[in-house]
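Participant: Just passing along the structure, written as structure tokens.
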Amino acid sequence: MGYKILGTIKTISAIEEAGAGKKLLFRINTGDQYNPIAEFEMYKGADYVEHLDSFIKFNKIGDLVEVEFNLKTYNWKPESEDRIFT
């Protein structure tokens, strides 16, 4: 299932090394009353690093953007409790 969120870009990090690829972080402000700031991490493997360069080239702080994203949940079960991480 995919989700969409609309907001204004507040910050864009520099591109960083991340394992076999690279990543950047960006935050948007949705203007919502509660929890208006959302942070996203873009990770690209070595074959697709140019997508990060394109993101920085075509998106600037203050731009209104619609972000499409997926959530992935992990179930971690230690002996005493059952935890879910999203």
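Scheme for the structure tokens: letters A, B, ... for chains in order shown; per-chain residue numbers from 1; ligand numbers from 1 in order shown.
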Give me, as a PDB file with N, CA, C and O atoms, in the first residue's frame, all polymer residues having an atom no more than 6 Å from Lys23 of chain A, counting only C-alpha atoms and skipping those fewer than 4 positions away in the same chain.
Facilitator:
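Contents of result.pdb, as written:
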ATOM      1  N   ILE A  15      24.346  14.697   0.265  1.00  0.00           N
ATOM      2  CA  ILE A  15      24.374  13.276  -0.073  1.00  0.00           C
ATOM      3  C   ILE A  15      25.493  12.617   0.726  1.00  0.00           C
ATOM      4  O   ILE A  15      26.610  13.139   0.791  1.00  0.00           O
ATOM      5  N   GLU A  16      25.198  11.477   1.361  1.00  0.00           N
ATOM      6  CA  GLU A  16      26.157  10.761   2.195  1.00  0.00           C
ATOM      7  C   GLU A  16      26.349   9.338   1.696  1.00  0.00           C
ATOM      8  O   GLU A  16      25.440   8.752   1.112  1.00  0.00           O
ATOM      9  N   MET A  42      16.041   9.105   1.377  1.00  0.00           N
ATOM     10  CA  MET A  42      16.133   8.518   0.041  1.00  0.00           C
ATOM     11  C   MET A  42      17.442   7.753  -0.031  1.00  0.00           C
ATOM     12  O   MET A  42      18.512   8.331   0.155  1.00  0.00           O
ATOM     13  N   TYR A  43      17.372   6.467  -0.279  1.00  0.00           N
ATOM     14  CA  TYR A  43      18.561   5.632  -0.440  1.00  0.00           C
ATOM     15  C   TYR A  43      18.562   5.107  -1.859  1.00  0.00           C
ATOM     16  O   TYR A  43      17.534   4.635  -2.351  1.00  0.00           O
TER      17      TYR A  43
END
Participant: Going by DSSP on the backbone, which residues of chain A come out as helix (DSSP H, G or I)? List them as a list in words.
Facilitator: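 For chain A, the helix (DSSP H, G or I) set is Ala46, Asp47, Tyr48, Glu50, His51, Leu52, Asp53, Ser54, Phe55, Ile56, Lys57 and Phe58 of chain A.
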Participant: Could you please write out, as a PyMOL selection string, every residue of chain A that DSSP assigns to strand (DSSP E or B)?
Facilitator: chain A and resi 2-12+16-18+21-29+37-45+64-70+74-76+83-85
Participant: Could you pull the residues within 12 Å of Asp32 of chain A, counting only C-alpha atoms, minus those fewer than 3 positions along the same chain, as an MDAnalysis selection string?
Facilitator: chainID A and resid 5:8 28:29 35:38
Participant: Kindly give the distance, in Å, that separates atom CA of Ile12 of chain A and atom CA of Gly45 of chain A, rounded to a single decimal.
Facilitator: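 That distance, rounded to one decimal, is 19.0 Å.
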Participant: To one decimal place, how far is atom CA of Glu66 of chain A from atom CA of Ile9 of chain A in Å?
Facilitator: 9.9 Å
Participant: Give me, as a VMD selection string, all polymer residues having an atom no more than 12 Å from Phe55 of chain A, counting only C-alpha atoms and skipping those fewer than 5 positions away in the same chain.
Facilitator: chain A and resid 9 12 to 15 23 to 26 41 to 44 48 to 50 60 to 61 63 65 67
Participant: Output N, CA, C and O atoms for every residue in the selection just made, as an mmCIF file, in the first residue's frame.
Facilitator:
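Final output, saved to result-v5.cif:
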data_model
loop_
_atom_site.group_PDB
_atom_site.id
_atom_site.type_symbol
_atom_site.label_atom_id
_atom_site.label_comp_id
_atom_site.auth_asym_id
_atom_site.auth_seq_id
_atom_site.Cartn_x
_atom_site.Cartn_y
_atom_site.Cartn_z
ATOM 1 N N ILE A 9 9.108 21.808 1.414
ATOM 2 C CA ILE A 9 10.436 21.330 1.813
ATOM 3 C C ILE A 9 11.052 22.305 2.809
ATOM 4 O O ILE A 9 11.148 23.501 2.548
ATOM 5 N N ILE A 12 17.073 19.908 3.201
ATOM 6 C CA ILE A 12 17.611 18.847 2.351
ATOM 7 C C ILE A 12 19.060 18.650 2.783
ATOM 8 O O ILE A 12 19.846 19.597 2.781
ATOM 9 N N SER A 13 19.410 17.434 3.158
ATOM 10 C CA SER A 13 20.774 17.166 3.607
ATOM 11 C C SER A 13 21.711 17.009 2.414
ATOM 12 O O SER A 13 21.273 16.899 1.266
ATOM 13 N N ALA A 14 22.983 16.950 2.710
ATOM 14 C CA ALA A 14 23.972 16.609 1.696
ATOM 15 C C ALA A 14 23.868 15.107 1.410
ATOM 16 O O ALA A 14 23.346 14.345 2.221
ATOM 17 N N ILE A 15 24.346 14.697 0.265
ATOM 18 C CA ILE A 15 24.374 13.276 -0.073
ATOM 19 C C ILE A 15 25.493 12.617 0.726
ATOM 20 O O ILE A 15 26.610 13.139 0.791
ATOM 21 N N LYS A 23 22.742 8.167 0.262
ATOM 22 C CA LYS A 23 21.439 8.580 0.758
ATOM 23 C C LYS A 23 21.418 10.076 1.008
ATOM 24 O O LYS A 23 22.459 10.725 1.091
ATOM 25 N N LEU A 24 20.202 10.603 1.111
ATOM 26 C CA LEU A 24 19.996 11.965 1.592
ATOM 27 C C LEU A 24 18.705 11.981 2.399
ATOM 28 O O LEU A 24 17.853 11.114 2.251
ATOM 29 N N LEU A 25 18.595 12.953 3.287
ATOM 30 C CA LEU A 25 17.403 13.139 4.113
ATOM 31 C C LEU A 25 16.760 14.464 3.740
ATOM 32 O O LEU A 25 17.464 15.424 3.426
ATOM 33 N N PHE A 26 15.439 14.506 3.768
ATOM 34 C CA PHE A 26 14.761 15.783 3.601
ATOM 35 C C PHE A 26 13.531 15.813 4.499
ATOM 36 O O PHE A 26 12.970 14.784 4.837
ATOM 37 N N GLU A 41 13.977 9.581 4.076
ATOM 38 C CA GLU A 41 15.334 9.209 3.678
ATOM 39 C C GLU A 41 15.247 8.585 2.290
ATOM 40 O O GLU A 41 14.455 7.675 2.069
ATOM 41 N N MET A 42 16.041 9.105 1.377
ATOM 42 C CA MET A 42 16.133 8.518 0.041
ATOM 43 C C MET A 42 17.442 7.753 -0.031
ATOM 44 O O MET A 42 18.512 8.331 0.155
ATOM 45 N N TYR A 43 17.372 6.467 -0.279
ATOM 46 C CA TYR A 43 18.561 5.632 -0.440
ATOM 47 C C TYR A 43 18.562 5.107 -1.859
ATOM 48 O O TYR A 43 17.534 4.635 -2.351
ATOM 49 N N LYS A 44 19.707 5.184 -2.506
ATOM 50 C CA LYS A 44 19.845 4.640 -3.854
ATOM 51 C C LYS A 44 21.128 3.832 -3.923
ATOM 52 O O LYS A 44 22.175 4.262 -3.457
ATOM 53 N N TYR A 48 21.954 3.810 -9.192
ATOM 54 C CA TYR A 48 20.904 4.828 -9.295
ATOM 55 C C TYR A 48 21.211 6.104 -8.511
ATOM 56 O O TYR A 48 20.312 6.884 -8.223
ATOM 57 N N VAL A 49 22.478 6.332 -8.193
ATOM 58 C CA VAL A 49 22.864 7.486 -7.386
ATOM 59 C C VAL A 49 22.500 8.803 -8.080
ATOM 60 O O VAL A 49 22.199 9.792 -7.417
ATOM 61 N N GLU A 50 22.440 8.815 -9.396
ATOM 62 C CA GLU A 50 22.099 10.048 -10.115
ATOM 63 C C GLU A 50 20.699 10.553 -9.752
ATOM 64 O O GLU A 50 20.409 11.736 -9.893
ATOM 65 N N LYS A 60 14.028 22.474 -4.177
ATOM 66 C CA LYS A 60 14.687 23.467 -3.330
ATOM 67 C C LYS A 60 13.868 23.691 -2.066
ATOM 68 O O LYS A 60 12.647 23.458 -2.042
ATOM 69 N N ILE A 61 14.515 24.185 -1.027
ATOM 70 C CA ILE A 61 13.827 24.534 0.208
ATOM 71 C C ILE A 61 12.750 25.564 -0.118
ATOM 72 O O ILE A 61 12.986 26.510 -0.860
ATOM 73 N N ASP A 63 9.935 24.705 -1.752
ATOM 74 C CA ASP A 63 9.093 24.135 -2.806
ATOM 75 C C ASP A 63 7.968 23.298 -2.202
ATOM 76 O O ASP A 63 8.178 22.575 -1.228
ATOM 77 N N VAL A 65 5.804 20.098 -2.461
ATOM 78 C CA VAL A 65 5.999 18.785 -3.077
ATOM 79 C C VAL A 65 4.959 17.794 -2.575
ATOM 80 O O VAL A 65 4.420 17.942 -1.486
ATOM 81 N N VAL A 67 4.921 13.816 -1.795
ATOM 82 C CA VAL A 67 5.828 12.690 -1.609
ATOM 83 C C VAL A 67 5.003 11.407 -1.566
ATOM 84 O O VAL A 67 4.052 11.307 -0.796
#
Participant: Just to confirm, what's the straight-line distance from atom CA of Asn75 of chain A to atom CA of Gly2 of chain A in Å (one decimal)?
Facilitator: 19.7 Å
